[in-house]
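Asker: Enclosed is the structure file protein-v3.pdb (PDB, C-alpha atoms).
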ATOM      1  CA  MET A 328      71.649  37.074 150.121
ATOM      2  CA  ASP A 329      68.403  39.019 150.422
ATOM      3  CA  THR A 330      69.084  42.428 148.882
ATOM      4  CA  GLU A 331      66.090  44.139 150.473
ATOM      5  CA  TYR A 332      67.019  42.869 153.914
ATOM      6  CA  CYS A 333      70.598  44.115 153.540
ATOM      7  CA  ASN A 334      69.388  47.489 152.271
ATOM      8  CA  LYS A 335      67.112  47.891 155.317
ATOM      9  CA  LEU A 336      69.878  46.708 157.606
ATOM     10  CA  ALA A 337      72.228  49.348 156.171
ATOM     11  CA  VAL A 338      69.694  52.103 156.814
ATOM     12  CA  GLN A 339      69.208  50.854 160.381
ATOM     13  CA  ALA A 340      72.968  50.551 160.940
ATOM     14  CA  VAL A 341      73.356  54.324 160.932
ATOM     15  CA  ASN A 342      71.936  54.424 164.472
ATOM     16  CA  ASP A 343      71.881  50.778 165.499
ATOM     17  CA  GLU A 344      75.080  49.055 166.599
ATOM     18  CA  GLN A 345      73.492  45.600 166.344
ATOM     19  CA  ALA A 346      72.448  46.230 162.729
ATOM     20  CA  PHE A 347      75.967  47.411 161.900
ATOM     21  CA  SER A 348      77.412  44.313 163.532
ATOM     22  CA  GLU A 349      75.156  42.141 161.390
ATOM     23  CA  LEU A 350      76.208  44.046 158.246
ATOM     24  CA  TYR A 351      79.814  43.419 159.216
ATOM     25  CA  THR A 352      79.170  39.698 159.678
ATOM     26  CA  ILE A 353      77.502  39.460 156.275
ATOM     27  CA  PHE A 354      79.843  41.645 154.239
ATOM     28  CA  PHE A 355      83.285  41.263 155.788
ATOM     29  CA  PRO A 356      84.046  37.926 154.058
ATOM     30  CA  ARG A 357      82.761  39.189 150.715
ATOM     31  CA  VAL A 358      84.850  42.359 150.806
ATOM     32  CA  TYR A 359      87.915  40.609 152.219
ATOM     33  CA  ASN A 360      87.848  37.837 149.627
ATOM     34  CA  PHE A 361      87.352  40.287 146.775
ATOM     35  CA  ILE A 362      90.260  42.489 147.839
ATOM     36  CA  PHE A 363      92.515  39.548 148.684
ATOM     37  CA  GLY A 364      91.788  37.993 145.295
ATOM     38  CA  ARG A 365      93.129  41.137 143.676
ATOM     39  CA  VAL A 366      96.138  42.013 145.847
ATOM     40  CA  LYS A 367      97.150  38.512 147.054
ATOM     41  CA  ASP A 368      98.870  39.894 150.133
ATOM     42  CA  PRO A 369      97.204  39.470 153.538
ATOM     43  CA  THR A 370      98.836  42.551 155.079
ATOM     44  CA  VAL A 371      97.847  44.856 152.219
ATOM     45  CA  THR A 372      94.393  43.256 152.129
ATOM     46  CA  ASP A 373      93.926  44.030 155.823
ATOM     47  CA  ASP A 374      94.901  47.666 155.220
ATOM     48  CA  ILE A 375      92.560  48.122 152.268
ATOM     49  CA  VAL A 376      89.641  46.315 153.902
ATOM     50  CA  SER A 377      90.024  48.454 157.033
ATOM     51  CA  LEU A 378      90.054  51.618 154.942
ATOM     52  CA  ALA A 379      86.979  50.437 153.006
ATOM     53  CA  TRP A 380      85.024  49.744 156.207
ATOM     54  CA  GLU A 381      86.058  53.088 157.637
ATOM     55  CA  LYS A 382      84.972  54.942 154.497
ATOM     56  CA  MET A 383      81.697  53.009 154.365
ATOM     57  CA  PHE A 384      80.992  53.812 158.019
ATOM     58  CA  ARG A 385      81.705  57.525 157.509
ATOM     59  CA  ASN A 386      79.324  57.641 154.533
ATOM     60  CA  LEU A 387      76.639  55.211 155.698
ATOM     61  CA  ALA A 388      74.178  57.995 156.521
ATOM     62  CA  ASP A 389      74.357  59.037 152.842
ATOM     63  CA  TYR A 390      73.461  55.573 151.548
ATOM     64  CA  ASP A 391      70.250  55.663 149.502
ATOM     65  CA  PRO A 392      68.636  52.258 148.850
ATOM     66  CA  SER A 393      66.603  53.685 145.984
ATOM     67  CA  ARG A 394      69.821  54.352 144.035
ATOM     68  CA  ALA A 395      71.661  51.028 144.518
ATOM     69  CA  ALA A 396      71.717  47.859 146.555
ATOM     70  CA  PHE A 397      73.902  48.148 149.644
ATOM     71  CA  SER A 398      76.160  45.377 148.331
ATOM     72  CA  THR A 399      76.764  47.318 145.113
ATOM     73  CA  TRP A 400      77.301  50.587 146.970
ATOM     74  CA  PHE A 401      79.760  49.054 149.431
ATOM     75  CA  MET A 402      81.690  47.020 146.849
ATOM     76  CA  ARG A 403      82.106  50.185 144.786
ATOM     77  CA  ILE A 404      83.568  51.873 147.879
ATOM     78  CA  ALA A 405      85.942  48.932 148.386
ATOM     79  CA  LEU A 406      86.979  48.994 144.728
ATOM     80  CA  ASN A 407      87.625  52.743 144.871
ATOM     81  CA  VAL A 408      89.611  52.427 148.102
ATOM     82  CA  MET A 409      91.757  49.710 146.524
ATOM     83  CA  THR A 410      92.353  51.849 143.438
ATOM     84  CA  ASP A 411      93.239  54.879 145.579
ATOM     85  CA  TYR A 412      95.557  52.766 147.714
ATOM     86  CA  TYR A 413      97.645  51.805 144.684
ATOM     87  CA  ARG A 414      97.694  55.334 143.295
ATOM     88  CA  ARG A 415      99.891  56.324 146.214
ATOM     89  CA  PRO A 416     103.550  56.062 145.184
ATOM     90  CA  GLN A 417     104.584  54.281 148.382
ATOM     91  CA  HIS A 418     102.269  51.311 147.652
ATOM     92  CA  LYS A 419     103.555  49.092 144.911
ATOM     93  CA  GLN A 420     101.498  45.943 144.387
ATOM     94  CA  GLU A 421     103.445  42.740 144.852
ATOM     95  CA  THR A 422     102.147  39.252 144.217
ATOM     96  CA  ARG A 423     103.245  36.854 146.899
ATOM     97  CA  TRP A 424     101.731  33.546 145.905
ATOM     98  CA  GLU A 425     103.084  31.745 148.936
ATOM     99  CA  ASP A 426     100.897  33.880 151.184
ATOM    100  CA  PHE A 427      97.623  32.770 149.587
ATOM    101  CA  PHE A 428      95.119  31.272 151.990
ATOM    102  CA  ASP A 429      91.389  30.931 152.378
ATOM    103  CA  PRO A 430      90.390  33.024 155.426
ATOM    104  CA  ALA A 431      87.023  31.271 155.626
ATOM    105  CA  ASP A 432      88.496  27.737 155.788
ATOM    106  CA  GLU A 433      88.219  26.315 159.307
ATOM    107  CA  HIS A 434      89.758  22.908 158.510
ATOM    108  CA  GLU A 435      93.518  22.544 158.716
ATOM    109  CA  PRO A 436      94.777  20.068 156.082
ATOM    110  CA  THR A 437      97.745  17.769 156.570
ATOM    111  CA  PRO A 438     101.123  19.305 155.616
ATOM    112  CA  GLU A 439     101.167  17.286 152.389
ATOM    113  CA  GLY A 440      97.598  18.265 151.601
ATOM    114  CA  ARG A 441      98.351  21.897 152.354
ATOM    115  CA  VAL A 442     101.302  21.919 149.930
ATOM    116  CA  LEU A 443      99.142  20.434 147.174
ATOM    117  CA  GLU A 444      96.311  22.827 147.980
ATOM    118  CA  GLU A 445      98.656  25.848 147.970
ATOM    119  CA  GLU A 446     100.160  24.786 144.641
ATOM    120  CA  GLY A 447      96.667  24.449 143.152
ATOM    121  CA  LYS A 448      95.606  27.872 144.425
ATOM    122  CA  ALA A 449      98.814  29.434 143.142
ATOM    123  CA  ASP A 450      98.201  27.857 139.725
ATOM    124  CA  ILE A 451      94.669  29.276 139.623
ATOM    125  CA  LEU A 452      95.862  32.736 140.697
ATOM    126  CA  ARG A 453      98.600  32.711 138.048
ATOM    127  CA  ALA A 454      96.043  31.642 135.468
ATOM    128  CA  LEU A 455      93.743  34.474 136.582
ATOM    129  CA  ASP A 456      96.585  36.914 135.943
ATOM    130  CA  ASP A 457      96.541  35.787 132.297
ATOM    131  CA  LEU A 458      92.951  37.030 131.921
ATOM    132  CA  PRO A 459      92.067  40.601 130.958
ATOM    133  CA  GLU A 460      91.337  42.905 133.913
ATOM    134  CA  ARG A 461      87.564  42.979 133.384
ATOM    135  CA  GLU A 462      87.330  39.186 133.347
ATOM    136  CA  ARG A 463      89.504  38.909 136.488
ATOM    137  CA  ARG A 464      87.283  41.432 138.242
ATOM    138  CA  VAL A 465      84.052  39.599 137.319
ATOM    139  CA  VAL A 466      85.472  36.235 138.455
ATOM    140  CA  ALA A 467      86.664  37.753 141.752
ATOM    141  CA  LEU A 468      83.303  39.373 142.451
ATOM    142  CA  LYS A 469      81.382  36.214 141.565
ATOM    143  CA  TYR A 470      83.451  33.625 143.395
ATOM    144  CA  TRP A 471      85.372  35.477 146.102
ATOM    145  CA  SER A 472      82.721  38.021 147.003
ATOM    146  CA  ASP A 473      79.747  35.739 146.349
ATOM    147  CA  MET A 474      77.916  38.387 144.344
ATOM    148  CA  GLY A 475      75.144  37.622 141.883
ATOM    149  CA  ASN A 476      75.212  38.686 138.240
ATOM    150  CA  GLN A 477      72.810  41.575 138.901
ATOM    151  CA  GLU A 478      74.971  42.941 141.724
ATOM    152  CA  ILE A 479      78.099  42.645 139.581
ATOM    153  CA  ALA A 480      76.324  44.318 136.691
ATOM    154  CA  ASP A 481      75.251  47.208 138.907
ATOM    155  CA  LEU A 482      78.755  47.600 140.281
ATOM    156  CA  LEU A 483      80.523  47.506 136.920
ATOM    157  CA  ASP A 484      77.830  49.303 134.888
ATOM    158  CA  LEU A 485      77.058  46.251 132.752
ATOM    159  CA  LYS A 486      73.941  44.283 131.923
ATOM    160  CA  PRO A 487      73.442  41.068 133.933
ATOM    161  CA  ASN A 488      73.458  38.872 130.823
ATOM    162  CA  HIS A 489      76.748  40.513 129.759
ATOM    163  CA  VAL A 490      78.210  39.552 133.157
ATOM    164  CA  GLY A 491      77.162  35.963 132.444
ATOM    165  CA  VAL A 492      78.861  36.048 129.038
ATOM    166  CA  ILE A 493      82.058  37.526 130.504
ATOM    167  CA  LEU A 494      82.036  34.910 133.261
ATOM    168  CA  HIS A 495      81.450  32.059 130.814
ATOM    169  CA  ARG A 496      84.306  33.207 128.575
ATOM    170  CA  ALA A 497      86.628  33.786 131.535
ATOM    171  CA  LEU A 498      85.998  30.314 132.939
ATOM    172  CA  GLY A 499      86.582  28.795 129.506
ATOM    173  CA  LYS A 500      89.883  30.663 129.217
ATOM    174  CA  LEU A 501      90.871  29.616 132.748
ATOM    175  CA  LYS A 502      90.177  25.981 131.913
ATOM    176  CA  GLN A 503      92.256  26.257 128.752
ATOM    177  CA  ILE A 504      95.138  27.989 130.594
ATOM    178  CA  MET A 505      95.112  25.375 133.354
ATOM    179  CA  GLU A 506      95.074  22.518 130.830
ATOM    180  CA  GLU A 507      97.998  24.056 128.923
ATOM    181  CA  LYS A 508      99.987  24.448 132.141
ATOM    182  CA  GLU A 509      99.146  20.865 133.128
ATOM    183  CA  ASN A 510     100.403  19.558 129.790
ATOM    184  CA  ASN A 511     103.702  21.459 130.005
TER     185      ASN A 511
END
Could you quickly redo this structure as structure tokens?
Answerer:
Amino acid sequence: MDTEYCNKLAVQAVNDEQAFSELYTIFFPRVYNFIFGRVKDPTVTDDIVSLAWEKMFRNLADYDPSRAAFSTWFMRIALNVMTDYYRRPQHKQETRWEDFFDPADEHEPTPEGRVLEEEGKADILRALDDLPERERRVVALKYWSDMGNQEIADLLDLKPNHVGVILHRALGKLKQIMEEKENN
């Protein structure tokens, strides 16, 4: 993902519907996957993602590329919207593993393959829940939102090499958790 191109596109999108449409095409999967990886409920994910896009659109004219990459700025909005969503008393987060799916997957597996795939995804999501919050967040941003270490570092106020260390440790812990669950 070319950061400069996305930054320019965001500036253009204030007055250019085509530029906004392109931003949407680029960033919708990243934001959706990040939020879904955290809430694990498609309905709640849809609500939060819609609110994040709405808030981003309302504030797009205030975006300043000299202060942050658009991806960092927008993911921070999405993260804040998700946090605000769960601060409301009427929204209690529930984990519904059976609802997990990959919205980007265009290939429909056989029923047997789907069951095995769903079980594997559920195992990974359960294992992710065993990680500390910061490690879960870094893994979600890296693999579900397709962000680079620099973008993650900017978003979470870390150094890029620290993101790499956190990611390395998290993946090692995930491997260990999955092996322990496999052996039990």
Asker: List, as number ranges by chain, every residue that the PyMOL selection byres ((chain A and resi 465) around 12) selects in the file provided.
Answerer: A: 361, 364-365, 455, 458-464, 466-485, 487, 489-498
Asker: For a test of reading the model, state the distance in Å between atom CA of A:Arg403 and atom CA of A:Asn334, rounded to one decimal.
Answerer: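 Computing it gives 15.0 Å between the two atoms.
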Asker: Which residue, A:Ile353, A:Leu406, A:Ala454, A:Leu336, has the smallest gap to A:Gly499 when you use all atoms listed in the file?
Answerer: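 Checking each of A:Ile353, A:Leu406, A:Ala454, A:Leu336 against A:Gly499, counting all atoms listed in the file, the winner is A:Ala454.
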Asker: Nearest residue to A:Tyr359 out of A:Met402, A:Cys333, A:Ile451, A:Ala346, using only C-alpha atoms?
Answerer: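 When distances to A:Tyr359 are compared using only C-alpha atoms, the smallest one comes from A:Met402.
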Asker: Could you tell me which of A:Asp456, A:Met505, A:Gln345, A:Phe401 comes closest to A:Glu381 if we count all atoms listed in the file?
Answerer: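 Smallest separation from A:Glu381 among the options: A:Phe401.
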Asker: So, with all atoms listed in the file as the atoms that count, which of A:Lys486, A:Arg357, A:Asp391, A:Asp457 lies closest to A:Gln503?
Answerer: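 Of the candidates, the smallest distance to A:Gln503 is held by A:Asp457.
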Asker: Just to confirm, what's the straight-line distance from atom CA of A:Ile375 to atom CA of A:Phe363 in Å (one decimal)?
Answerer: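 Straight-line distance from atom CA of A:Ile375 to atom CA of A:Phe363 works out to 9.3 Å.
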Asker: Just the number, please: distance in Å from atom CA of A:Ser348 to atom CA of A:Thr372, one decimal.
Answerer: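 That distance, rounded to one decimal, is 20.5 Å.
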Asker: I need the residue nearest A:Asn360 from this list: A:Arg385, A:Glu506, A:Leu501, A:Ala405. Use all atoms listed in the file for the distance.
Answerer: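 Ranking A:Arg385, A:Glu506, A:Leu501, A:Ala405 by distance to A:Asn360, first place goes to A:Ala405.
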Asker: On this file, the PyMOL selection byres ((chain A and resi 390) around 12) gives some set of residues; write that set as a short mmCIF file (atom, residue, chain, number, x, y, z; two decimals) with C-alpha atoms, in the frame of the given file.
Answerer:
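Below is the file part_21.cif, written as the result:
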data_model
loop_
_atom_site.label_atom_id
_atom_site.label_comp_id
_atom_site.auth_asym_id
_atom_site.auth_seq_id
_atom_site.Cartn_x
_atom_site.Cartn_y
_atom_site.Cartn_z
CA CYS A 333 70.60 44.12 153.54
CA ASN A 334 69.39 47.49 152.27
CA LYS A 335 67.11 47.89 155.32
CA LEU A 336 69.88 46.71 157.61
CA ALA A 337 72.23 49.35 156.17
CA VAL A 338 69.69 52.10 156.81
CA GLN A 339 69.21 50.85 160.38
CA ALA A 340 72.97 50.55 160.94
CA VAL A 341 73.36 54.32 160.93
CA LYS A 382 84.97 54.94 154.50
CA MET A 383 81.70 53.01 154.36
CA PHE A 384 80.99 53.81 158.02
CA ARG A 385 81.70 57.52 157.51
CA ASN A 386 79.32 57.64 154.53
CA LEU A 387 76.64 55.21 155.70
CA ALA A 388 74.18 58.00 156.52
CA ASP A 389 74.36 59.04 152.84
CA ASP A 391 70.25 55.66 149.50
CA PRO A 392 68.64 52.26 148.85
CA SER A 393 66.60 53.68 145.98
CA ARG A 394 69.82 54.35 144.04
CA ALA A 395 71.66 51.03 144.52
CA ALA A 396 71.72 47.86 146.56
CA PHE A 397 73.90 48.15 149.64
CA SER A 398 76.16 45.38 148.33
CA THR A 399 76.76 47.32 145.11
CA TRP A 400 77.30 50.59 146.97
CA PHE A 401 79.76 49.05 149.43
CA ILE A 404 83.57 51.87 147.88
#
Asker: Need the axis-aligned box for stretch 401-407 of chain A with 6 Å each side, so what are the centre and edges in Å to one decimal, as JSON?
Answerer:
{"center_x": 83.7, "center_y": 49.9, "center_z": 147.1, "size_x": 19.9, "size_y": 17.7, "size_z": 16.7}
Asker: Looking at all atoms listed in the file, which of A:Lys502, A:Tyr351, A:Glu331, A:Arg414 is the one that sits closest to A:Val376?
Answerer: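 Nearest to A:Val376: A:Tyr351.
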